[in-house]
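Participant: So here's entry05.txt (compact mmCIF, C-alpha atoms).
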# COMPACT_ATOMS: atom_id res chain seq x y z
CA MET A 29 13.98 18.87 -4.82
CA LYS A 30 14.63 18.27 -1.13
CA ILE A 31 13.33 15.21 0.71
CA ALA A 32 12.61 15.34 4.45
CA LYS A 33 12.00 12.10 6.30
CA ASN A 34 11.47 13.47 9.78
CA ARG A 35 10.25 16.58 11.56
CA GLU A 36 13.72 18.03 12.04
CA GLU A 37 14.65 17.69 8.38
CA LEU A 38 11.32 19.22 7.37
CA SER A 39 11.93 22.21 9.63
CA ILE A 40 15.35 22.76 8.06
CA CYS A 41 13.94 22.51 4.52
CA LEU A 42 11.22 25.04 5.29
CA ASN A 43 13.39 27.46 7.24
CA SER A 44 12.89 31.02 5.96
CA LYS A 45 10.13 29.94 3.53
CA THR A 46 7.37 32.52 3.89
CA GLN A 47 4.72 31.53 1.33
CA ILE A 48 4.10 27.79 1.27
CA GLY A 49 1.71 25.83 -0.92
CA PHE A 50 1.02 22.32 0.41
CA ILE A 51 -0.29 19.18 -1.25
CA PRO A 52 -0.84 16.29 1.20
CA THR A 53 -1.00 12.91 -0.57
CA MET A 54 -0.91 9.19 0.10
CA GLY A 55 1.27 8.58 -2.93
CA ALA A 56 0.32 6.50 -6.00
CA LEU A 57 0.39 9.85 -7.76
CA HIS A 58 -1.37 10.67 -11.02
CA ASP A 59 -2.11 13.76 -13.08
CA GLY A 60 -4.75 14.87 -10.59
CA HIS A 61 -2.13 15.25 -7.87
CA LEU A 62 0.28 16.93 -10.26
CA SER A 63 -2.36 19.50 -11.21
CA LEU A 64 -2.33 20.58 -7.55
CA VAL A 65 1.44 20.95 -7.65
CA ASN A 66 1.15 22.98 -10.83
CA GLU A 67 -1.44 25.32 -9.30
CA SER A 68 0.84 25.98 -6.36
CA LYS A 69 3.70 26.74 -8.73
CA VAL A 70 1.53 29.06 -10.83
CA ARG A 71 0.74 31.00 -7.66
CA GLY A 72 4.43 31.47 -6.97
CA LEU A 73 4.40 29.48 -3.74
CA THR A 74 7.16 27.32 -2.30
CA THR A 75 5.58 23.99 -3.17
CA VAL A 76 5.62 21.20 -0.60
CA ALA A 77 4.06 17.76 -0.95
CA SER A 78 3.79 14.94 1.57
CA ILE A 79 3.53 11.21 0.93
CA PHE A 80 2.09 9.24 3.82
CA VAL A 81 -0.39 6.37 3.67
CA ASN A 82 -2.42 7.23 6.74
CA PRO A 83 -3.63 4.12 8.58
CA THR A 84 -6.19 5.93 10.73
CA GLN A 85 -8.46 6.79 7.79
CA PHE A 86 -8.90 3.21 6.55
CA ASN A 87 -11.99 1.64 8.07
CA ASP A 88 -11.16 -1.55 6.13
CA PRO A 89 -7.70 -2.95 7.05
CA LYS A 90 -7.58 -4.91 3.77
CA ASP A 91 -7.90 -1.65 1.85
CA PHE A 92 -4.92 -0.26 3.74
CA GLU A 93 -2.85 -3.37 3.02
CA LYS A 94 -3.62 -3.23 -0.70
CA TYR A 95 -3.01 0.49 -1.16
CA PRO A 96 -0.52 0.83 -4.05
CA ILE A 97 2.91 2.14 -3.07
CA ASP A 98 5.59 3.23 -5.54
CA THR A 99 7.58 5.92 -3.77
CA GLU A 100 10.38 6.06 -6.34
CA ALA A 101 7.93 6.75 -9.19
CA ASP A 102 6.08 9.31 -7.03
CA LEU A 103 9.28 11.22 -6.30
CA GLU A 104 10.19 11.28 -9.98
CA LYS A 105 6.78 12.73 -10.84
CA LEU A 106 6.99 15.38 -8.14
CA GLN A 107 10.47 16.41 -9.23
CA SER A 108 9.38 16.68 -12.87
CA ALA A 109 6.40 18.80 -11.78
CA GLY A 110 8.68 21.25 -9.98
CA CYS A 111 7.86 20.34 -6.37
CA GLU A 112 10.52 21.81 -4.09
CA VAL A 113 10.14 19.84 -0.85
CA VAL A 114 8.70 16.38 -0.19
CA PHE A 115 7.88 15.25 3.33
CA LEU A 116 8.22 11.47 3.47
CA PRO A 117 7.56 10.46 7.09
CA ASN A 118 7.03 7.06 8.64
CA ARG A 119 4.20 6.29 11.02
CA GLN A 120 6.24 7.13 14.11
CA GLU A 121 6.96 10.63 12.80
CA ILE A 122 3.27 11.36 12.35
CA TYR A 123 1.99 9.51 15.41
CA PRO A 124 4.63 9.48 18.15
CA VAL A 125 3.91 7.11 21.02
CA GLY A 126 1.14 8.52 23.17
CA SER A 127 -0.22 10.89 20.51
CA GLU A 128 -2.52 8.50 18.66
CA ASP A 129 -5.67 10.08 20.12
CA LEU A 130 -4.74 13.70 19.42
CA TYR A 131 -6.80 15.81 17.03
CA LEU A 132 -9.87 13.58 16.84
CA HIS A 133 -12.26 16.26 15.65
CA ASP A 134 -16.04 16.23 15.57
CA PHE A 135 -17.19 17.12 12.06
CA GLY A 136 -20.85 16.73 12.90
CA ASP A 137 -23.21 15.69 10.11
CA LEU A 138 -20.38 15.30 7.61
CA GLU A 139 -19.31 12.20 9.54
CA THR A 140 -22.72 10.52 9.30
CA ARG A 141 -23.74 11.07 5.68
CA PHE A 142 -22.62 9.44 2.43
CA GLU A 143 -18.88 8.72 2.76
CA GLY A 144 -19.13 9.18 6.51
CA ALA A 145 -21.96 6.68 6.78
CA PHE A 146 -20.28 4.00 4.67
CA ARG A 147 -16.77 4.56 6.05
CA PRO A 148 -17.19 5.07 9.80
CA GLY A 149 -14.18 6.79 11.35
CA HIS A 150 -12.73 7.74 7.97
CA PHE A 151 -13.10 11.48 8.33
CA LYS A 152 -11.77 11.49 11.88
CA GLY A 153 -8.61 9.88 10.48
CA VAL A 154 -8.45 12.38 7.62
CA GLY A 155 -8.91 15.34 9.94
CA GLN A 156 -6.34 13.95 12.34
CA VAL A 157 -3.54 13.49 9.83
CA VAL A 158 -4.23 16.74 7.97
CA HIS A 159 -4.20 18.70 11.23
CA ILE A 160 -0.83 17.15 12.15
CA LEU A 161 0.59 17.87 8.70
CA PHE A 162 -0.68 21.46 8.80
CA ASP A 163 1.04 21.91 12.16
CA LEU A 164 4.32 20.63 10.74
CA VAL A 165 4.32 22.31 7.32
CA LYS A 166 2.54 25.53 8.34
CA PRO A 167 1.25 26.27 4.83
CA ASN A 168 -0.36 29.47 3.67
CA THR A 169 -2.38 27.56 1.07
CA ALA A 170 -3.29 23.88 0.78
CA PHE A 171 -4.61 22.19 -2.35
CA PHE A 172 -7.07 19.30 -2.57
CA GLY A 173 -8.81 17.63 -5.50
CA GLN A 174 -12.58 17.93 -5.79
CA LYS A 175 -12.93 14.23 -6.61
CA ASP A 176 -13.00 13.70 -2.84
CA PHE A 177 -15.69 16.33 -2.54
CA GLN A 178 -16.93 15.47 0.94
CA GLN A 179 -13.36 15.27 2.20
CA LEU A 180 -12.80 18.78 0.87
CA GLN A 181 -15.73 20.00 2.97
CA VAL A 182 -14.26 18.24 6.01
CA ILE A 183 -10.92 20.01 5.53
CA LYS A 184 -12.66 23.36 5.19
CA ARG A 185 -14.58 22.67 8.39
CA LEU A 186 -11.36 21.68 10.15
CA VAL A 187 -9.69 24.95 9.22
CA GLN A 188 -12.76 26.88 10.30
CA GLN A 189 -13.08 25.05 13.62
CA GLU A 190 -9.42 25.56 14.49
CA ASN A 191 -9.26 29.10 13.09
CA MET A 192 -6.23 28.16 10.98
CA PRO A 193 -4.84 30.91 8.71
CA ILE A 194 -4.78 28.56 5.71
CA GLU A 195 -6.52 29.03 2.36
CA ILE A 196 -8.07 25.75 1.20
CA VAL A 197 -8.23 25.46 -2.59
CA GLY A 198 -10.38 22.78 -4.22
CA MET A 199 -9.15 21.93 -7.70
CA PRO A 200 -11.24 20.36 -10.50
CA THR A 201 -11.31 16.59 -10.88
CA ILE A 202 -8.88 15.37 -13.52
CA ARG A 203 -10.38 12.64 -15.70
CA GLU A 204 -9.25 9.99 -18.12
CA SER A 205 -10.23 10.49 -21.77
CA ASP A 206 -13.37 8.37 -21.23
CA GLY A 207 -14.50 10.36 -18.20
CA LEU A 208 -13.34 8.13 -15.35
CA ALA A 209 -12.02 10.23 -12.48
CA MET A 210 -8.31 9.63 -11.96
CA SER A 211 -7.64 7.65 -8.78
CA SER A 212 -4.94 5.43 -7.35
CA ARG A 213 -7.57 2.70 -7.11
CA ASN A 214 -8.06 2.60 -10.88
CA ARG A 215 -4.86 0.64 -11.35
CA ARG A 216 -6.44 -2.25 -9.44
CA LEU A 217 -9.32 -2.61 -11.93
CA ASN A 218 -9.24 -5.51 -14.36
CA GLU A 219 -10.04 -4.90 -18.04
CA SER A 220 -13.77 -5.57 -17.75
CA GLN A 221 -14.13 -3.50 -14.57
CA ARG A 222 -12.18 -0.67 -16.11
CA PHE A 223 -14.45 -0.66 -19.16
CA GLU A 224 -17.64 -0.51 -17.09
CA SER A 225 -16.30 1.95 -14.51
CA THR A 226 -17.11 4.81 -16.88
CA LEU A 227 -20.73 4.28 -15.79
CA LEU A 228 -20.09 6.56 -12.80
CA HIS A 229 -19.30 9.52 -15.04
CA LYS A 230 -22.16 8.64 -17.40
CA VAL A 231 -24.60 8.67 -14.47
CA LEU A 232 -23.35 12.06 -13.29
CA THR A 233 -23.60 13.50 -16.77
CA TYR A 234 -27.11 12.06 -17.16
CA SER A 235 -28.14 13.68 -13.89
CA LYS A 236 -26.82 17.04 -15.03
CA THR A 237 -28.71 16.92 -18.33
CA ARG A 238 -31.97 15.77 -16.70
CA LEU A 239 -31.89 18.01 -13.65
CA LYS A 240 -34.54 20.41 -14.89
CA GLN A 241 -36.60 17.87 -16.86
CA GLN A 242 -37.22 15.07 -14.35
CA SER A 243 -38.06 14.88 -10.69
CA PHE A 244 -35.05 14.10 -8.52
CA ASN A 245 -36.66 10.86 -7.36
CA ASP A 246 -37.10 9.76 -10.98
CA ILE A 247 -33.43 10.47 -11.64
CA ARG A 248 -32.46 8.43 -8.58
CA LEU A 249 -34.60 5.51 -9.75
CA GLU A 250 -33.13 5.63 -13.25
CA VAL A 251 -29.60 5.61 -11.84
CA GLN A 252 -30.41 2.54 -9.75
CA LYS A 253 -31.70 0.81 -12.89
CA MET A 254 -28.53 1.69 -14.82
CA PHE A 255 -26.46 -0.05 -12.17
CA THR A 256 -28.80 -3.02 -11.98
CA ASP A 257 -28.07 -3.55 -15.66
CA SER A 258 -24.30 -3.50 -15.07
CA ALA A 259 -22.49 -6.82 -14.88
CA GLU A 260 -19.46 -5.45 -13.04
CA LEU A 261 -20.58 -2.57 -10.84
CA GLU A 262 -22.69 -2.44 -7.69
CA LEU A 263 -24.09 0.91 -6.62
CA GLU A 264 -23.42 1.85 -3.00
CA TYR A 265 -25.05 5.27 -3.04
CA PHE A 266 -26.12 8.00 -5.42
CA ASP A 267 -27.85 11.23 -4.56
CA ILE A 268 -28.46 14.80 -5.59
CA ILE A 269 -27.56 17.10 -2.72
CA TYR A 270 -27.36 20.67 -1.55
CA PRO A 271 -23.55 20.92 -1.28
CA ASP A 272 -23.56 23.65 1.36
CA GLN A 273 -25.51 21.39 3.74
CA PHE A 274 -24.57 17.99 2.29
CA ILE A 275 -28.15 16.76 2.51
CA PRO A 276 -30.40 15.25 -0.20
CA ALA A 277 -32.20 17.81 -2.37
CA ASP A 278 -35.94 17.53 -2.97
CA ARG A 279 -36.57 19.43 -6.20
CA PHE A 280 -35.03 21.95 -8.59
CA ARG A 281 -35.02 25.63 -7.73
CA GLU A 282 -33.27 28.26 -9.81
CA ASP A 283 -31.70 29.92 -6.78
CA LYS A 284 -30.07 26.74 -5.43
CA THR A 285 -26.81 24.94 -6.14
CA TYR A 286 -26.84 21.17 -6.70
CA HIS A 287 -24.24 18.44 -6.65
CA ALA A 288 -24.44 14.74 -7.43
CA VAL A 289 -22.39 12.27 -5.39
CA ILE A 290 -21.85 8.59 -6.13
CA SER A 291 -20.04 5.52 -4.85
CA ALA A 292 -19.93 2.06 -6.42
CA TYR A 293 -17.99 -1.17 -6.15
CA ALA A 294 -16.18 -2.97 -8.95
CA GLY A 295 -15.58 -6.27 -7.21
CA GLU A 296 -13.84 -5.24 -3.98
CA ILE A 297 -12.60 -1.94 -5.42
CA ARG A 298 -14.54 1.09 -4.26
CA LEU A 299 -14.92 4.03 -6.65
CA ILE A 300 -16.31 7.49 -5.90
CA ASP A 301 -17.09 10.52 -8.00
CA ASN A 302 -19.16 13.70 -7.98
CA MET A 303 -20.23 16.54 -10.23
CA GLN A 304 -21.69 20.00 -9.85
CA LEU A 305 -25.06 19.95 -11.57
CA ALA A 306 -26.22 23.55 -11.32
Could you write out this structure as structure tokens?
Facilitator:
Amino acid sequence: MKIAKNREELSICLNSKTQIGFIPTMGALHDGHLSLVNESKVRGLTTVASIFVNPTQFNDPKDFEKYPIDTEADLEKLQSAGCEVVFLPNRQEIYPVGSEDLYLHDFGDLETRFEGAFRPGHFKGVGQVVHILFDLVKPNTAFFGQKDFQQLQVIKRLVQQENMPIEIVGMPTIRESDGLAMSSRNRRLNESQRFESTLLHKVLTYSKTRLKQQSFNDIRLEVQKMFTDSAELELEYFDIIYPDQFIPADRFREDKTYHAVISAYAGEIRLIDNMQLA
């Protein structure tokens, strides 16, 4: 496995590589990230991952400061998974002086709803760093986990807006045995928070089973009650949406697709999840 720490080294590592699969990460890797590496390998692509904790997508500076970093462990995991190249840049490599305002895209309604509403500026930062990384790596295919479902839609919109010849592949959320979606934030949960955090998955599963039996408003009210009864978790948002438009859905129709999205706090730790319902 080759490690590139700057643009020049990355160019050398990727010289003559014609079919590249790319997994951009912020480190703190878990099995969800490694499933993306595996999918790239299965497709026979030269597999490239990046590790860069991007400051421009953190609307809360404290969240950025507390983001878990263990580069040595991350590199060991990537090597064991068969990753061939890892791009490990510092901030200056990604944002050279004078380039901080480049690639600030307008993602329209995706920036004002759900994650966009509660994390202002987040998706501009995501779009900015992913655009820069795509320019540097020049992948044929890029892999993202569906746990960050709205982010996945942002990346697809970015590629569409810029007419990039990149296939965006959304891979299923990898979960712990009790249903909790794998996330770097999980390691910050204390024992009690970790125990109750499974409520997010329980709520999504409940919504899926009740989709055709209850009105959507009744489901929303029941979810709010479930969180009111929780000693550790505070609901930030929950909704049933049309995923193609990312707007709240009104009622069930057989010809429509539905998704549930959720965000909640365990103390100061923010958890998100989602599930396709129909």
Participant: Hey, what's within 10 Å of region 189-191 of chain A if we count only C-alpha atoms and toss same-chain stuff fewer than 4 positions away? As a PyMOL selection string, please?
Facilitator: chain A and resi 133-135+159+183-185
Participant: For Asp59 (chain A), find every residue with an atom within 10 Å (counting only C-alpha atoms), except residues of its own chain fewer than 4 positions away, and show them as JSON, numbers by chain.
Facilitator: {"A": [63, 64, 65, 105, 109, 201, 202, 203, 204, 210, 211]}
Participant: Using all atoms listed in the file and a cutoff of 9 Å, can you tell me which residues are near (2.9, 22.2, 3.1) in the file's coordinates, and write them out as a VMD selection string?
Facilitator: chain A and resid 48 to 52 74 to 78 113 to 115 161 to 162 164 to 170
Participant: Give me, please, the distance in Å between CA of Gln242 (chain A) and CA of Phe266 (chain A), quoted to one decimal.
Facilitator: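 That distance, rounded to one decimal, is 15.9 Å.
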Participant: Between CA of Asn302 (chain A) and CA of Val289 (chain A), what is the spacing in Å?
Facilitator: 4.4 Å
